[in-house]
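*Asks:* Once you've had a glance at the structure underneath, I'll fire off some questions.
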Amino acid sequence: ANHGLGAARNEGIRHATGDYLTFADSDDVVPPSAYAVQLRQLHRTGADFVTGSLARWDGDALAQLPWMHRLHRSRAALFIEQQPEILGDVFAWNKVFRRDFWDGAGLSWPEGVRYEDQPTTTQAYLRARLFGIVPDVVYHWRVRHDGSSITQQSSSLKDLEDRWATKRMALASVLDYGSPQVERVFHDKVLAGDLHRYF
């Protein structure tokens, strides 16, 4: 039965047997070289996971999001204090995780709530010894013109409640982490992301 994205991803993890985990939504597109690019960076750096840039796709044209391009400017392996603004890259599906890191960090996706990506990706950044970054576009995020996408339903109160709940989860992880620098950047540059559309 459909219990939402978080439950579907957790069920997939329970059945996965490989050394790596990655996630893709059924209506989007993964470029042919995306996983190879990310795995090369994973092996080269020893990072716990790797994240790459993405582009919005309307079925014809691709448009890289400027702020994602800024966060993934160059190939790197970092820890969170070196680039805390990366916490704004909240997406599940532009990342490849080492399975042993995922399990060791106790990661899972929240269930029964939309926007489940942000709490889990926030924990991943905070718990990683190193995370890798690649500038390549590793995911094509489909624009759905019929308004049926979850991210296009900001006119409902339930949508706002879920968005705010997951932001509070992410904020709690940042506060528990205990870095004033990371907390300041999260408050100033990450926490309010996407909330403007509700106004």
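Identifiers in this document derive from the order of the structure tokens: chains are assigned A, B, ..., residues are numbered from 1 separately in each chain, and ligands are numbered from 1 in order of occurrence.
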Mind running range 16-121 of chain A against range 176-186 of chain A at 8 Å and telling me each contacting residue's nearest atom pair with the distance in Å (one decimal), counting only C-alpha atoms, chain and number ascending, as a tab-separated table?

*Replies:*
```
residue	atom	partner	partner_atom	distance
A:Ile80	CA	A:Val182	CA	7.5
A:Glu81	CA	A:Val182	CA	6.3
A:Pro84	CA	A:Val182	CA	5.4
A:Glu85	CA	A:Val185	CA	6.2
A:Leu87	CA	A:Phe186	CA	7.1
```

*Asks:* Would you write out those residues with N, CA, C and O atoms, as a short mmCIF file (atom, residue, chain, number, x, y, z; two decimals), in the first residue's frame?

*Replies:*
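As a result, part02.cif now contains:
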```
data_model
loop_
_atom_site.label_atom_id
_atom_site.label_comp_id
_atom_site.auth_asym_id
_atom_site.auth_seq_id
_atom_site.Cartn_x
_atom_site.Cartn_y
_atom_site.Cartn_z
N ILE A 80 31.32 19.28 7.37
CA ILE A 80 30.25 20.26 7.33
C ILE A 80 30.70 21.67 7.68
O ILE A 80 30.21 22.64 7.10
N GLU A 81 31.65 21.84 8.59
CA GLU A 81 32.10 23.20 8.92
C GLU A 81 32.76 23.91 7.75
O GLU A 81 32.80 25.14 7.72
N PRO A 84 28.92 24.78 5.35
CA PRO A 84 27.62 24.51 5.98
C PRO A 84 26.43 24.85 5.10
O PRO A 84 25.34 24.31 5.29
N GLU A 85 26.62 25.72 4.12
CA GLU A 85 25.50 26.07 3.24
C GLU A 85 25.03 24.87 2.41
O GLU A 85 23.92 24.87 1.87
N LEU A 87 23.89 22.33 3.45
CA LEU A 87 22.66 21.83 4.07
C LEU A 87 21.41 22.26 3.30
O LEU A 87 20.35 21.67 3.48
#
```

*Asks:* If we count only C-alpha atoms and set the cut-off at 10 Å, which residues sit around Ala63 in chain A, ignoring sequence neighbours fewer than 4 positions away in its own chain? Please answer as an MDAnalysis selection string.

*Replies:* chainID A and resid 54:58 140:141

*Asks:* Using DSSP secondary structure from the backbone, list all alpha helix (DSSP H) positions within range 66-162 of chain A, as a compact mmCIF listing (two decimals) with all heavy atoms, in the first residue's frame.

*Replies:*
```
# COMPACT_ATOMS: atom_id res chain seq x y z
N PRO A 66 20.53 27.70 -10.45
CA PRO A 66 21.74 28.49 -10.12
C PRO A 66 22.27 28.23 -8.72
O PRO A 66 23.48 28.13 -8.51
CB PRO A 66 21.28 29.94 -10.30
CG PRO A 66 20.14 29.87 -11.24
CD PRO A 66 19.45 28.57 -10.95
N TRP A 67 21.40 28.12 -7.73
CA TRP A 67 21.87 27.92 -6.36
C TRP A 67 22.46 26.52 -6.17
O TRP A 67 23.38 26.34 -5.39
CB TRP A 67 20.76 28.20 -5.35
CG TRP A 67 19.54 27.32 -5.45
CD1 TRP A 67 18.44 27.54 -6.23
CD2 TRP A 67 19.31 26.11 -4.75
NE1 TRP A 67 17.53 26.51 -6.05
CE2 TRP A 67 18.04 25.63 -5.14
CE3 TRP A 67 20.06 25.38 -3.81
CZ2 TRP A 67 17.49 24.45 -4.64
CZ3 TRP A 67 19.52 24.21 -3.31
CH2 TRP A 67 18.25 23.75 -3.72
N MET A 68 21.95 25.53 -6.92
CA MET A 68 22.57 24.20 -6.86
C MET A 68 23.94 24.22 -7.52
O MET A 68 24.89 23.61 -7.04
CB MET A 68 21.66 23.17 -7.52
CG MET A 68 20.50 22.74 -6.65
SD MET A 68 21.03 21.79 -5.18
CE MET A 68 21.40 20.20 -5.91
N HIS A 69 24.04 24.96 -8.63
CA HIS A 69 25.34 25.10 -9.29
C HIS A 69 26.35 25.74 -8.33
O HIS A 69 27.50 25.31 -8.24
CB HIS A 69 25.20 25.94 -10.55
CG HIS A 69 26.48 26.22 -11.24
ND1 HIS A 69 27.21 25.24 -11.88
CD2 HIS A 69 27.20 27.36 -11.37
CE1 HIS A 69 28.31 25.76 -12.39
NE2 HIS A 69 28.33 27.05 -12.09
N ARG A 70 25.92 26.75 -7.58
CA ARG A 70 26.80 27.42 -6.63
C ARG A 70 27.27 26.46 -5.53
O ARG A 70 28.43 26.48 -5.13
CB ARG A 70 26.08 28.62 -6.01
CG ARG A 70 26.97 29.50 -5.13
CD ARG A 70 26.20 30.63 -4.48
NE ARG A 70 25.42 30.17 -3.34
CZ ARG A 70 24.10 30.10 -3.29
NH1 ARG A 70 23.38 30.49 -4.34
NH2 ARG A 70 23.47 29.67 -2.22
N LEU A 71 26.37 25.61 -5.03
CA LEU A 71 26.73 24.68 -3.96
C LEU A 71 27.63 23.54 -4.44
O LEU A 71 28.29 22.88 -3.64
CB LEU A 71 25.47 24.09 -3.32
CG LEU A 71 24.59 25.06 -2.53
CD1 LEU A 71 23.36 24.35 -2.01
CD2 LEU A 71 25.37 25.70 -1.39
N ARG A 99 26.67 2.13 1.99
CA ARG A 99 25.70 1.44 2.83
C ARG A 99 26.19 1.33 4.28
O ARG A 99 25.40 1.47 5.22
CB ARG A 99 25.40 0.04 2.26
CG ARG A 99 24.42 -0.80 3.09
CD ARG A 99 23.04 -0.16 3.11
NE ARG A 99 22.10 -0.79 4.01
CZ ARG A 99 21.20 -1.69 3.64
NH1 ARG A 99 21.14 -2.12 2.38
NH2 ARG A 99 20.34 -2.18 4.50
N ASP A 100 27.48 1.08 4.46
CA ASP A 100 27.96 0.96 5.84
C ASP A 100 27.87 2.28 6.59
O ASP A 100 27.60 2.31 7.79
CB ASP A 100 29.37 0.37 5.90
CG ASP A 100 30.41 1.14 5.10
OD1 ASP A 100 30.06 2.17 4.47
OD2 ASP A 100 31.58 0.75 5.12
N PHE A 101 28.05 3.41 5.89
CA PHE A 101 27.84 4.71 6.53
C PHE A 101 26.37 4.89 6.88
O PHE A 101 26.03 5.32 8.00
CB PHE A 101 28.30 5.85 5.62
CG PHE A 101 27.77 7.21 6.04
CD1 PHE A 101 28.23 7.82 7.19
CD2 PHE A 101 26.78 7.85 5.30
CE1 PHE A 101 27.74 9.05 7.61
CE2 PHE A 101 26.28 9.08 5.70
CZ PHE A 101 26.75 9.68 6.86
N TRP A 102 25.48 4.61 5.95
CA TRP A 102 24.05 4.77 6.18
C TRP A 102 23.60 4.00 7.43
O TRP A 102 22.95 4.56 8.31
CB TRP A 102 23.27 4.28 4.96
CG TRP A 102 21.79 4.48 5.05
CD1 TRP A 102 20.88 3.64 5.64
CD2 TRP A 102 21.04 5.59 4.56
NE1 TRP A 102 19.62 4.15 5.53
CE2 TRP A 102 19.69 5.34 4.88
CE3 TRP A 102 21.39 6.77 3.88
CZ2 TRP A 102 18.67 6.24 4.54
CZ3 TRP A 102 20.37 7.64 3.54
CH2 TRP A 102 19.04 7.39 3.86
N ASP A 103 24.00 2.75 7.49
CA ASP A 103 23.60 1.92 8.64
C ASP A 103 24.27 2.38 9.92
O ASP A 103 23.64 2.47 10.98
CB ASP A 103 23.94 0.45 8.37
CG ASP A 103 23.07 -0.16 7.27
OD1 ASP A 103 22.01 0.43 6.93
OD2 ASP A 103 23.46 -1.21 6.73
N GLY A 104 25.57 2.70 9.84
CA GLY A 104 26.31 3.11 11.03
C GLY A 104 25.82 4.43 11.60
O GLY A 104 25.85 4.65 12.82
N ASP A 117 12.93 14.44 2.81
CA ASP A 117 14.35 14.50 2.43
C ASP A 117 15.19 15.29 3.42
O ASP A 117 16.28 14.88 3.80
CB ASP A 117 14.52 15.15 1.05
CG ASP A 117 13.94 14.35 -0.09
OD1 ASP A 117 12.99 13.58 0.13
OD2 ASP A 117 14.43 14.50 -1.22
N GLN A 118 14.69 16.48 3.82
CA GLN A 118 15.54 17.41 4.57
C GLN A 118 16.03 16.87 5.91
O GLN A 118 17.23 16.99 6.21
CB GLN A 118 14.85 18.76 4.75
CG GLN A 118 15.78 19.78 5.40
CD GLN A 118 15.30 21.21 5.30
OE1 GLN A 118 14.14 21.48 4.96
NE2 GLN A 118 16.18 22.15 5.57
N PRO A 119 15.19 16.27 6.76
CA PRO A 119 15.73 15.78 8.04
C PRO A 119 16.84 14.75 7.86
O PRO A 119 17.85 14.77 8.58
CB PRO A 119 14.51 15.17 8.73
CG PRO A 119 13.33 15.81 8.10
CD PRO A 119 13.74 16.10 6.68
N THR A 120 16.67 13.86 6.89
CA THR A 120 17.64 12.77 6.71
C THR A 120 18.91 13.26 6.06
O THR A 120 20.02 12.89 6.48
CB THR A 120 17.00 11.64 5.89
OG1 THR A 120 15.82 11.20 6.57
CG2 THR A 120 17.96 10.47 5.74
N THR A 121 18.81 14.10 5.02
CA THR A 121 20.04 14.59 4.40
C THR A 121 20.81 15.49 5.37
O THR A 121 22.04 15.48 5.38
CB THR A 121 19.75 15.34 3.08
OG1 THR A 121 18.84 16.42 3.31
CG2 THR A 121 19.16 14.38 2.05
N THR A 122 20.10 16.25 6.21
CA THR A 122 20.77 17.06 7.23
C THR A 122 21.58 16.18 8.16
O THR A 122 22.76 16.44 8.44
CB THR A 122 19.74 17.89 8.04
OG1 THR A 122 19.06 18.77 7.14
CG2 THR A 122 20.42 18.70 9.13
N GLN A 123 20.98 15.10 8.64
CA GLN A 123 21.70 14.18 9.52
C GLN A 123 22.90 13.57 8.80
O GLN A 123 23.97 13.40 9.40
CB GLN A 123 20.77 13.07 10.00
CG GLN A 123 19.72 13.55 10.97
CD GLN A 123 18.75 12.45 11.36
OE1 GLN A 123 18.78 11.34 10.82
NE2 GLN A 123 17.88 12.75 12.30
N ALA A 124 22.74 13.24 7.52
CA ALA A 124 23.86 12.65 6.77
C ALA A 124 25.05 13.61 6.71
O ALA A 124 26.19 13.20 6.97
CB ALA A 124 23.41 12.27 5.36
N TYR A 125 24.79 14.88 6.38
CA TYR A 125 25.89 15.85 6.34
C TYR A 125 26.55 16.00 7.71
O TYR A 125 27.78 16.08 7.81
CB TYR A 125 25.37 17.23 5.91
CG TYR A 125 25.03 17.35 4.45
CD1 TYR A 125 23.73 17.61 4.04
CD2 TYR A 125 26.01 17.22 3.47
CE1 TYR A 125 23.41 17.74 2.70
CE2 TYR A 125 25.70 17.35 2.13
CZ TYR A 125 24.40 17.61 1.75
OH TYR A 125 24.09 17.73 0.42
N LEU A 126 25.76 16.03 8.76
CA LEU A 126 26.31 16.25 10.10
C LEU A 126 27.07 15.04 10.62
O LEU A 126 28.02 15.19 11.40
CB LEU A 126 25.18 16.61 11.07
CG LEU A 126 24.41 17.90 10.76
CD1 LEU A 126 23.23 18.05 11.72
CD2 LEU A 126 25.32 19.12 10.83
N ARG A 127 26.69 13.84 10.21
CA ARG A 127 27.31 12.62 10.73
C ARG A 127 28.46 12.10 9.87
O ARG A 127 29.19 11.22 10.29
CB ARG A 127 26.25 11.54 10.90
CG ARG A 127 25.21 11.92 11.94
CD ARG A 127 24.08 10.92 12.06
NE ARG A 127 23.08 11.42 13.00
CZ ARG A 127 21.94 10.80 13.28
NH1 ARG A 127 21.65 9.65 12.68
NH2 ARG A 127 21.09 11.33 14.14
N LEU A 157 -3.00 23.56 3.73
CA LEU A 157 -2.48 23.69 5.09
C LEU A 157 -1.66 22.47 5.48
O LEU A 157 -0.63 22.60 6.13
CB LEU A 157 -3.64 23.89 6.07
CG LEU A 157 -3.25 24.08 7.53
CD1 LEU A 157 -2.33 25.28 7.71
CD2 LEU A 157 -4.50 24.24 8.39
N LYS A 158 -2.10 21.28 5.07
CA LYS A 158 -1.36 20.05 5.38
C LYS A 158 0.04 20.11 4.80
O LYS A 158 1.01 19.68 5.43
CB LYS A 158 -2.13 18.83 4.85
CG LYS A 158 -1.39 17.51 4.98
CD LYS A 158 -1.10 17.14 6.43
CE LYS A 158 -0.45 15.77 6.50
NZ LYS A 158 0.33 15.58 7.73
N ASP A 159 0.16 20.65 3.60
CA ASP A 159 1.48 20.77 2.97
C ASP A 159 2.39 21.66 3.81
O ASP A 159 3.55 21.33 4.06
CB ASP A 159 1.33 21.33 1.56
CG ASP A 159 2.61 21.24 0.76
OD1 ASP A 159 3.42 22.20 0.82
OD2 ASP A 159 2.82 20.23 0.08
N LEU A 160 1.87 22.81 4.25
CA LEU A 160 2.65 23.71 5.09
C LEU A 160 3.02 23.05 6.42
O LEU A 160 4.15 23.18 6.89
CB LEU A 160 1.87 25.00 5.35
CG LEU A 160 2.51 26.00 6.32
CD1 LEU A 160 3.90 26.43 5.86
CD2 LEU A 160 1.61 27.22 6.51
N GLU A 161 2.09 22.32 7.01
CA GLU A 161 2.37 21.64 8.28
C GLU A 161 3.51 20.63 8.12
O GLU A 161 4.40 20.55 8.96
CB GLU A 161 1.11 20.93 8.79
CG GLU A 161 0.05 21.89 9.30
CD GLU A 161 -1.27 21.19 9.59
OE1 GLU A 161 -1.47 20.03 9.14
OE2 GLU A 161 -2.13 21.81 10.25
N ASP A 162 3.49 19.86 7.01
CA ASP A 162 4.55 18.89 6.77
C ASP A 162 5.89 19.58 6.52
O ASP A 162 6.93 19.15 7.01
CB ASP A 162 4.20 17.98 5.58
CG ASP A 162 3.15 16.94 5.92
OD1 ASP A 162 2.77 16.83 7.10
OD2 ASP A 162 2.71 16.23 5.00
```

*Asks:* Go ahead and compute the interatomic distance for CA of Arg9 in chain A and CA of Phe97 in chain A, in Å to one decimal.

*Replies:*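 That distance, rounded to one decimal, is 13.4 Å.
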
*Asks:* Identify, on the basis of only C-alpha atoms, every residue whose closest approach to Leu21 in chain A does not exceed 12 Å; exclude the query and any residue fewer than 6 positions from it along the same chain; express the result as an MDAnalysis selection string.

*Replies:* chainID A and resid 9:10 12:15 35 38:39 48:50 92:103 107:108

*Asks:* Next, dump the selected residues to file, keeping only N, CA, C and O atoms, as a tab-separated table (two decimals), in the first residue's frame.

*Replies:*
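Wrote part-v4.tsv, looks like this:
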```tsv
chain	number	residue	atom	x	y	z
A	9	ARG	N	11.08	4.33	0.34
A	9	ARG	CA	12.55	4.28	0.37
A	9	ARG	C	13.05	3.36	1.48
A	9	ARG	O	13.99	2.59	1.29
A	10	ASN	N	12.44	3.44	2.65
A	10	ASN	CA	12.86	2.55	3.75
A	10	ASN	C	12.63	1.08	3.39
A	10	ASN	O	13.46	0.23	3.73
A	12	GLY	N	12.69	-0.14	0.36
A	12	GLY	CA	13.74	-0.46	-0.60
A	12	GLY	C	15.06	-0.75	0.09
A	12	GLY	O	15.77	-1.70	-0.27
A	13	ILE	N	15.40	0.04	1.09
A	13	ILE	CA	16.65	-0.17	1.84
A	13	ILE	C	16.65	-1.54	2.50
A	13	ILE	O	17.67	-2.24	2.52
A	14	ARG	N	15.51	-1.93	3.03
A	14	ARG	CA	15.43	-3.25	3.70
A	14	ARG	C	15.76	-4.39	2.74
A	14	ARG	O	16.25	-5.44	3.15
A	15	HIS	N	15.48	-4.19	1.46
A	15	HIS	CA	15.71	-5.24	0.46
A	15	HIS	C	17.04	-5.10	-0.26
A	15	HIS	O	17.47	-6.02	-0.95
A	35	TYR	N	25.87	7.92	-11.89
A	35	TYR	CA	26.36	7.10	-10.79
A	35	TYR	C	27.85	6.80	-10.91
A	35	TYR	O	28.56	6.74	-9.91
A	38	GLN	N	29.72	9.81	-9.57
A	38	GLN	CA	29.66	9.89	-8.12
A	38	GLN	C	30.51	8.80	-7.45
A	38	GLN	O	31.18	9.05	-6.45
A	39	LEU	N	30.48	7.60	-8.01
A	39	LEU	CA	31.29	6.52	-7.44
A	39	LEU	C	32.78	6.80	-7.57
A	39	LEU	O	33.55	6.49	-6.66
A	48	ASP	N	31.92	9.48	2.78
A	48	ASP	CA	30.80	8.63	3.19
A	48	ASP	C	29.65	8.66	2.19
A	48	ASP	O	28.90	7.71	2.07
A	49	PHE	N	29.50	9.77	1.51
A	49	PHE	CA	28.53	9.87	0.42
A	49	PHE	C	28.95	11.01	-0.49
A	49	PHE	O	29.82	11.82	-0.14
A	50	VAL	N	28.35	11.05	-1.67
A	50	VAL	CA	28.66	12.08	-2.66
A	50	VAL	C	27.35	12.70	-3.15
A	50	VAL	O	26.35	12.00	-3.35
A	92	ALA	N	17.09	13.85	-1.79
A	92	ALA	CA	17.51	12.46	-1.61
A	92	ALA	C	18.21	11.93	-2.86
A	92	ALA	O	19.14	11.13	-2.76
A	93	TRP	N	17.77	12.38	-4.03
A	93	TRP	CA	18.07	11.64	-5.25
A	93	TRP	C	19.27	12.12	-6.05
A	93	TRP	O	19.52	11.62	-7.13
A	94	ASN	N	20.04	13.04	-5.54
A	94	ASN	CA	21.27	13.43	-6.23
A	94	ASN	C	22.50	12.98	-5.44
A	94	ASN	O	23.57	13.55	-5.55
A	95	LYS	N	22.33	11.91	-4.67
A	95	LYS	CA	23.39	11.44	-3.78
A	95	LYS	C	23.57	9.93	-3.90
A	95	LYS	O	22.62	9.20	-4.19
A	96	VAL	N	24.82	9.50	-3.66
A	96	VAL	CA	25.13	8.07	-3.52
A	96	VAL	C	25.79	7.89	-2.16
A	96	VAL	O	26.78	8.57	-1.85
A	97	PHE	N	25.24	6.99	-1.35
A	97	PHE	CA	25.70	6.75	0.01
A	97	PHE	C	26.41	5.40	0.11
A	97	PHE	O	25.98	4.43	-0.52
A	98	ARG	N	27.44	5.33	0.90
A	98	ARG	CA	27.99	4.03	1.28
A	98	ARG	C	26.99	3.37	2.23
A	98	ARG	O	26.55	3.99	3.20
A	99	ARG	N	26.67	2.13	1.99
A	99	ARG	CA	25.70	1.44	2.83
A	99	ARG	C	26.19	1.33	4.28
A	99	ARG	O	25.40	1.47	5.22
A	100	ASP	N	27.48	1.08	4.46
A	100	ASP	CA	27.96	0.96	5.84
A	100	ASP	C	27.87	2.28	6.59
A	100	ASP	O	27.60	2.31	7.79
A	101	PHE	N	28.05	3.41	5.89
A	101	PHE	CA	27.84	4.71	6.53
A	101	PHE	C	26.37	4.89	6.88
A	101	PHE	O	26.03	5.32	8.00
A	102	TRP	N	25.48	4.61	5.95
A	102	TRP	CA	24.05	4.77	6.18
A	102	TRP	C	23.60	4.00	7.43
A	102	TRP	O	22.95	4.56	8.31
A	103	ASP	N	24.00	2.75	7.49
A	103	ASP	CA	23.60	1.92	8.64
A	103	ASP	C	24.27	2.38	9.92
A	103	ASP	O	23.64	2.47	10.98
A	107	LEU	N	20.62	6.11	9.77
A	107	LEU	CA	19.77	6.95	8.94
A	107	LEU	C	18.54	6.20	8.45
A	107	LEU	O	18.59	4.99	8.19
A	108	SER	N	17.43	6.90	8.32
A	108	SER	CA	16.22	6.40	7.69
A	108	SER	C	15.40	7.61	7.29
A	108	SER	O	15.68	8.74	7.71
```

*Asks:* Just how far from CA of Asn2 in chain A is CA of Tyr20 in chain A, in Å to one decimal?

*Replies:* 24.9 Å

*Asks:* Of the residues A:Ala1, A:Leu195, A:Leu65, A:Ala77, which is the one nearest to Ala128 in chain A, using only C-alpha atoms?

*Replies:*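 Checking each candidate against Ala128 in chain A, we get A:Ala77 as the closest.
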
*Asks:* Among the residues of range 62-164 of chain A, find those DSSP assigns to strand (DSSP E or B) from the backbone and print them as number ranges by chain.

*Replies:* A: 62-64, 76-78, 95-98, 131-142

*Asks:* Create the file for the chosen residues now, containing N, CA, C and O atoms and written as a CSV table (one decimal), in the first residue's frame.

*Replies:*
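So result.csv came out as:
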```csv
chain,number,residue,atom,x,y,z
A,62,LEU,N,16.6,21.4,-20.4
A,62,LEU,CA,17.2,21.2,-19.1
A,62,LEU,C,17.7,22.6,-18.6
A,62,LEU,O,18.3,23.3,-19.3
A,63,ALA,N,17.4,22.9,-17.3
A,63,ALA,CA,17.8,24.2,-16.7
A,63,ALA,C,18.4,23.9,-15.4
A,63,ALA,O,17.7,23.4,-14.4
A,64,GLN,N,19.8,24.1,-15.3
A,64,GLN,CA,20.4,23.9,-14.0
A,64,GLN,C,20.0,25.0,-13.0
A,64,GLN,O,20.0,26.1,-13.4
A,76,ALA,N,35.1,18.2,-4.7
A,76,ALA,CA,35.7,18.4,-3.3
A,76,ALA,C,35.3,17.3,-2.4
A,76,ALA,O,34.4,16.5,-2.7
A,77,ALA,N,36.0,17.2,-1.3
A,77,ALA,CA,35.6,16.3,-0.2
A,77,ALA,C,35.8,17.2,1.1
A,77,ALA,O,36.9,17.7,1.4
A,78,LEU,N,34.7,17.3,1.8
A,78,LEU,CA,34.6,18.3,2.9
A,78,LEU,C,33.9,17.7,4.1
A,78,LEU,O,33.3,16.7,4.0
A,95,LYS,N,22.3,11.9,-4.7
A,95,LYS,CA,23.4,11.4,-3.8
A,95,LYS,C,23.6,9.9,-3.9
A,95,LYS,O,22.6,9.2,-4.2
A,96,VAL,N,24.8,9.5,-3.7
A,96,VAL,CA,25.1,8.1,-3.5
A,96,VAL,C,25.8,7.9,-2.2
A,96,VAL,O,26.8,8.6,-1.9
A,97,PHE,N,25.2,7.0,-1.4
A,97,PHE,CA,25.7,6.8,0.0
A,97,PHE,C,26.4,5.4,0.1
A,97,PHE,O,26.0,4.4,-0.5
A,98,ARG,N,27.4,5.3,0.9
A,98,ARG,CA,28.0,4.0,1.3
A,98,ARG,C,27.0,3.4,2.2
A,98,ARG,O,26.5,4.0,3.2
A,131,PHE,N,32.0,14.3,3.2
A,131,PHE,CA,31.1,14.1,2.1
A,131,PHE,C,31.7,14.6,0.8
A,131,PHE,O,32.5,15.6,0.8
A,132,GLY,N,31.4,14.0,-0.3
A,132,GLY,CA,32.0,14.4,-1.6
A,132,GLY,C,31.0,15.3,-2.3
A,132,GLY,O,29.8,15.2,-2.2
A,133,ILE,N,31.6,16.2,-3.2
A,133,ILE,CA,30.8,17.0,-4.0
A,133,ILE,C,31.3,16.9,-5.5
A,133,ILE,O,32.5,16.8,-5.7
A,134,VAL,N,30.4,16.8,-6.4
A,134,VAL,CA,30.8,16.8,-7.8
A,134,VAL,C,30.0,17.9,-8.5
A,134,VAL,O,28.8,18.2,-8.2
A,135,PRO,N,30.6,18.7,-9.5
A,135,PRO,CA,29.9,19.7,-10.1
A,135,PRO,C,28.9,19.2,-11.2
A,135,PRO,O,28.1,20.0,-11.7
A,136,ASP,N,29.0,18.0,-11.6
A,136,ASP,CA,28.2,17.4,-12.7
A,136,ASP,C,26.7,17.4,-12.3
A,136,ASP,O,26.3,17.2,-11.2
A,137,VAL,N,25.9,17.6,-13.3
A,137,VAL,CA,24.4,17.4,-13.2
A,137,VAL,C,24.2,15.9,-13.2
A,137,VAL,O,24.4,15.2,-14.1
A,138,VAL,N,23.7,15.4,-12.0
A,138,VAL,CA,23.6,13.9,-11.8
A,138,VAL,C,22.1,13.5,-11.8
A,138,VAL,O,21.8,12.4,-11.5
A,139,TYR,N,21.2,14.5,-12.0
A,139,TYR,CA,19.8,14.2,-11.9
A,139,TYR,C,18.9,15.2,-12.6
A,139,TYR,O,19.2,16.4,-12.6
A,140,HIS,N,17.9,14.7,-13.4
A,140,HIS,CA,17.0,15.5,-14.1
A,140,HIS,C,15.6,15.5,-13.4
A,140,HIS,O,15.0,14.5,-13.4
A,141,TRP,N,15.3,16.6,-12.7
A,141,TRP,CA,14.1,16.7,-11.9
A,141,TRP,C,12.9,17.2,-12.8
A,141,TRP,O,12.9,18.3,-13.3
A,142,ARG,N,11.9,16.3,-13.1
A,142,ARG,CA,10.9,16.6,-14.0
A,142,ARG,C,10.0,17.8,-13.5
A,142,ARG,O,9.5,17.8,-12.3
```

*Asks:* Quick one: of A:Phe79, A:Val37, A:Val143, A:Ala172, who's nearest to Asp60 in chain A, counting only C-alpha atoms?

*Replies:*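 Closest to Asp60 in chain A of all the choices is A:Val143.
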
*Asks:* To one decimal in Å, tell me the separation between CA of Arg114 in chain A and CA of Gly6 in chain A.

*Replies:*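 We find that CA of Arg114 in chain A and CA of Gly6 in chain A lie 8.1 Å from each other.
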
*Asks:* Could you tell me which of A:Ala165, A:Ala61, A:Val29, A:Ala36 comes closest to Gly112 in chain A if we count only C-alpha atoms?

*Replies:* A:Ala165
